[in-house]
Amino acid sequence: MQYKSFIINTGDSQIAEEQLNAFLRSHRIITIQKEFVESKCSWFFLVEYAEDFAETKTTRKIDYMKILSQEDFAVFSKLRELRKKIAVEEKIPAYAVFTDEQLSHIAREKPDTIQKLQTINGIGSSKAEKYGAAFIKIVGSRIQDDFDIF
């Protein structure tokens, strides 16, 4: 989470209000705390927001085949297949299981425990406990396949 503060003076507030409103529209807001500071005759706003929201609205679709190694992309593809199967069974969108970005991190980092899986941004204990074992199994079996080559 990130924080940004705004001060809006009661006498000259139009520009500051526009800046605050523009910021609020362009970010995923978690909380807003506001307080009137009488000695300064101003409103103080502390905004807690998710840092990735503004970036995802403007970025293009990522071609994971280009950014992952050939081996990691093979794992990524298997992880996507599993995610799709789970999403169909649970009648939920695929991204509700894990996002492509999270799957790419799993493919690269190859976590072997639920705790390591939870170090990936956006994967909390609930998702890790619910889905983690199956995804870790795919990563583990792929690592084992690589060692069998030698």
# chains A, B, ... in the order shown; residues from 1 in each chain; ligands from 1
>>> residues_around(residues="Glu129 (chain A)", least_positions_apart="4", cutoff="8 Å", atoms="only C-alpha atoms", output="PyMOL selection string")
chain A and resi 114+125+133
>>> residues_around(residues="Tyr95 (chain A)", least_positions_apart="2", cutoff="12 Å", atoms="only C-alpha atoms", output="MDAnalysis selection string")
chainID A and resid 80 83:84 86:88 91:93 97:103 122:123 127
>>> residues_around(residues="region 61-64 of chain A", least_positions_apart="3", cutoff="12 Å", atoms="only C-alpha atoms", output="MDAnalysis selection string")
chainID A and resid 55:58 67:77 80 99:105 107:108
>>> atom_distance(atom1="CA of Gln118 (chain A)", atom2="CA of His27 (chain A)")
24.2 Å
>>> closest_residue(among="A:Ser13, A:Gly124, A:Thr31, A:Ile7", to="Phe45 (chain A)", atoms="only C-alpha atoms")
A:Ile7
>>> closest_residue(among="A:Tyr131, A:Val47, A:Ser42, A:Lys110", to="Leu20 (chain A)", atoms="only C-alpha atoms")
A:Val47
>>> select_by_dssp(residues="region 21-139 of chain A", states="helix (DSSP H, G or I)", output="number ranges by chain")
A: 21-26, 53-58, 64-67, 70-90, 94-97, 100-109, 114-117, 125-139
>>> select_by_dssp(residues="region 1-122 of chain A", states="strand (DSSP E or B)", output="JSON, numbers by chain")
{"A": [2, 3, 4, 5, 6, 7, 8, 9, 28, 29, 30, 31, 32, 33, 34, 35, 36, 37, 42, 43, 44, 45, 46, 47, 48, 49, 50]}
>>> write_last_selection(atoms="N, CA and C atoms", output="compact mmCIF listing (two decimals), in the first residue's frame")
# COMPACT_ATOMS: atom_id res chain seq x y z
N GLN A 2 0.35 2.28 -0.59
CA GLN A 2 1.03 3.56 -0.66
C GLN A 2 0.16 4.62 0.00
N TYR A 3 0.77 5.74 0.37
CA TYR A 3 0.05 6.85 0.99
C TYR A 3 0.39 8.14 0.27
N LYS A 4 -0.60 9.01 0.18
CA LYS A 4 -0.39 10.34 -0.37
C LYS A 4 -1.22 11.31 0.46
N SER A 5 -0.65 12.46 0.74
CA SER A 5 -1.38 13.45 1.55
C SER A 5 -1.72 14.66 0.70
N PHE A 6 -2.82 15.27 1.05
CA PHE A 6 -3.28 16.49 0.38
C PHE A 6 -3.70 17.49 1.44
N ILE A 7 -3.42 18.76 1.18
CA ILE A 7 -3.87 19.85 2.05
C ILE A 7 -4.69 20.79 1.19
N ILE A 8 -5.91 21.06 1.64
CA ILE A 8 -6.78 21.97 0.92
C ILE A 8 -7.12 23.14 1.82
N ASN A 9 -6.61 24.32 1.45
CA ASN A 9 -6.90 25.53 2.20
C ASN A 9 -8.33 25.96 1.89
N ARG A 28 -6.72 3.07 -7.20
CA ARG A 28 -7.61 2.23 -6.42
C ARG A 28 -7.43 2.63 -4.95
N ILE A 29 -8.44 3.28 -4.41
CA ILE A 29 -8.36 3.85 -3.06
C ILE A 29 -8.75 2.80 -2.03
N ILE A 30 -7.93 2.70 -0.99
CA ILE A 30 -8.22 1.77 0.10
C ILE A 30 -8.95 2.52 1.23
N THR A 31 -8.36 3.59 1.72
CA THR A 31 -8.99 4.40 2.76
C THR A 31 -8.65 5.87 2.55
N ILE A 32 -9.51 6.72 3.11
CA ILE A 32 -9.25 8.16 3.13
C ILE A 32 -9.51 8.64 4.54
N GLN A 33 -8.54 9.33 5.10
CA GLN A 33 -8.73 9.96 6.41
C GLN A 33 -8.70 11.46 6.18
N LYS A 34 -9.66 12.15 6.78
CA LYS A 34 -9.66 13.60 6.62
C LYS A 34 -9.79 14.24 7.99
N GLU A 35 -9.16 15.39 8.09
CA GLU A 35 -9.21 16.11 9.36
C GLU A 35 -9.08 17.60 9.07
N PHE A 36 -9.89 18.38 9.77
CA PHE A 36 -9.81 19.83 9.63
C PHE A 36 -8.80 20.35 10.64
N VAL A 37 -7.79 21.09 10.15
CA VAL A 37 -6.77 21.67 11.01
C VAL A 37 -7.15 23.14 11.18
N SER A 42 -7.43 24.64 7.17
CA SER A 42 -7.25 23.75 6.03
C SER A 42 -7.77 22.35 6.35
N TRP A 43 -8.11 21.64 5.28
CA TRP A 43 -8.44 20.23 5.39
C TRP A 43 -7.19 19.42 5.05
N PHE A 44 -6.95 18.39 5.82
CA PHE A 44 -5.83 17.49 5.57
C PHE A 44 -6.41 16.13 5.20
N PHE A 45 -5.99 15.56 4.07
CA PHE A 45 -6.45 14.25 3.61
C PHE A 45 -5.25 13.31 3.52
N LEU A 46 -5.40 12.13 4.08
CA LEU A 46 -4.39 11.08 3.93
C LEU A 46 -5.06 9.95 3.17
N VAL A 47 -4.56 9.65 1.99
CA VAL A 47 -5.16 8.66 1.10
C VAL A 47 -4.26 7.43 1.04
N GLU A 48 -4.83 6.29 1.36
CA GLU A 48 -4.12 5.02 1.22
C GLU A 48 -4.61 4.38 -0.07
N TYR A 49 -3.68 3.97 -0.93
CA TYR A 49 -4.08 3.44 -2.24
C TYR A 49 -3.19 2.29 -2.65
N ALA A 50 -3.70 1.50 -3.59
CA ALA A 50 -2.92 0.40 -4.16
C ALA A 50 -2.09 0.96 -5.29
>>> decode(residues="region 107-130 of chain A", atoms="N, CA, C and O atoms", output="short mmCIF file (atom, residue, chain, number, x, y, z; two decimals), in the first residue's frame")
data_model
loop_
_atom_site.label_atom_id
_atom_site.label_comp_id
_atom_site.auth_asym_id
_atom_site.auth_seq_id
_atom_site.Cartn_x
_atom_site.Cartn_y
_atom_site.Cartn_z
N ALA A 107 5.95 -19.30 -12.01
CA ALA A 107 6.77 -20.01 -12.99
C ALA A 107 8.25 -19.67 -12.84
O ALA A 107 9.11 -20.54 -12.96
N ARG A 108 8.55 -18.40 -12.55
CA ARG A 108 9.95 -17.97 -12.42
C ARG A 108 10.55 -18.37 -11.08
O ARG A 108 11.67 -18.85 -11.01
N GLU A 109 9.79 -18.13 -10.00
CA GLU A 109 10.34 -18.33 -8.66
C GLU A 109 10.21 -19.76 -8.17
O GLU A 109 10.91 -20.16 -7.25
N LYS A 110 9.29 -20.52 -8.73
CA LYS A 110 9.08 -21.92 -8.40
C LYS A 110 8.99 -22.17 -6.89
O LYS A 110 9.79 -22.92 -6.31
N PRO A 111 8.02 -21.55 -6.23
CA PRO A 111 7.89 -21.75 -4.78
C PRO A 111 7.54 -23.22 -4.48
O PRO A 111 6.78 -23.85 -5.21
N ASP A 112 8.15 -23.73 -3.41
CA ASP A 112 7.90 -25.12 -3.05
C ASP A 112 7.12 -25.26 -1.74
O ASP A 112 6.92 -26.37 -1.27
N THR A 113 6.69 -24.14 -1.17
CA THR A 113 5.87 -24.17 0.04
C THR A 113 4.77 -23.12 -0.07
O THR A 113 4.89 -22.17 -0.86
N ILE A 114 3.74 -23.28 0.72
CA ILE A 114 2.65 -22.29 0.77
C ILE A 114 3.19 -20.94 1.23
O ILE A 114 2.81 -19.90 0.71
N GLN A 115 4.11 -20.96 2.18
CA GLN A 115 4.69 -19.71 2.69
C GLN A 115 5.43 -18.94 1.59
O GLN A 115 5.32 -17.73 1.49
N LYS A 116 6.18 -19.65 0.77
CA LYS A 116 6.89 -19.00 -0.33
C LYS A 116 5.92 -18.48 -1.37
O LYS A 116 6.14 -17.43 -1.97
N LEU A 117 4.85 -19.21 -1.60
CA LEU A 117 3.82 -18.77 -2.54
C LEU A 117 3.21 -17.44 -2.08
O LEU A 117 2.95 -16.56 -2.88
N GLN A 118 3.05 -17.28 -0.79
CA GLN A 118 2.45 -16.06 -0.23
C GLN A 118 3.35 -14.84 -0.35
O GLN A 118 2.89 -13.72 -0.16
N THR A 119 4.61 -15.02 -0.69
CA THR A 119 5.50 -13.87 -0.87
C THR A 119 5.26 -13.17 -2.21
O THR A 119 5.75 -12.07 -2.42
N ILE A 120 4.48 -13.81 -3.08
CA ILE A 120 4.16 -13.21 -4.38
C ILE A 120 3.05 -12.20 -4.18
O ILE A 120 2.05 -12.48 -3.52
N ASN A 121 3.23 -11.01 -4.74
CA ASN A 121 2.29 -9.91 -4.58
C ASN A 121 0.87 -10.33 -4.96
O ASN A 121 0.64 -10.85 -6.05
N GLY A 122 -0.07 -10.13 -4.05
CA GLY A 122 -1.47 -10.42 -4.31
C GLY A 122 -1.93 -11.80 -3.90
O GLY A 122 -3.11 -12.12 -3.99
N ILE A 123 -1.02 -12.66 -3.46
CA ILE A 123 -1.40 -14.00 -3.03
C ILE A 123 -1.37 -14.03 -1.51
O ILE A 123 -0.31 -14.03 -0.90
N GLY A 124 -2.56 -14.02 -0.93
CA GLY A 124 -2.68 -14.06 0.52
C GLY A 124 -2.86 -15.48 1.02
O GLY A 124 -2.84 -16.45 0.25
N SER A 125 -3.06 -15.60 2.30
CA SER A 125 -3.17 -16.93 2.91
C SER A 125 -4.38 -17.70 2.40
O SER A 125 -4.31 -18.90 2.21
N SER A 126 -5.48 -17.01 2.15
CA SER A 126 -6.69 -17.68 1.70
C SER A 126 -6.48 -18.36 0.34
O SER A 126 -6.76 -19.55 0.18
N LYS A 127 -6.00 -17.61 -0.63
CA LYS A 127 -5.75 -18.19 -1.96
C LYS A 127 -4.65 -19.24 -1.91
O LYS A 127 -4.72 -20.26 -2.58
N ALA A 128 -3.63 -18.95 -1.14
CA ALA A 128 -2.51 -19.90 -1.05
C ALA A 128 -2.98 -21.23 -0.47
O ALA A 128 -2.62 -22.29 -0.97
N GLU A 129 -3.78 -21.17 0.58
CA GLU A 129 -4.27 -22.40 1.20
C GLU A 129 -5.25 -23.14 0.28
O GLU A 129 -5.24 -24.35 0.19
N LYS A 130 -6.09 -22.37 -0.41
CA LYS A 130 -7.12 -22.99 -1.25
C LYS A 130 -6.55 -23.61 -2.53
O LYS A 130 -6.93 -24.70 -2.91
#
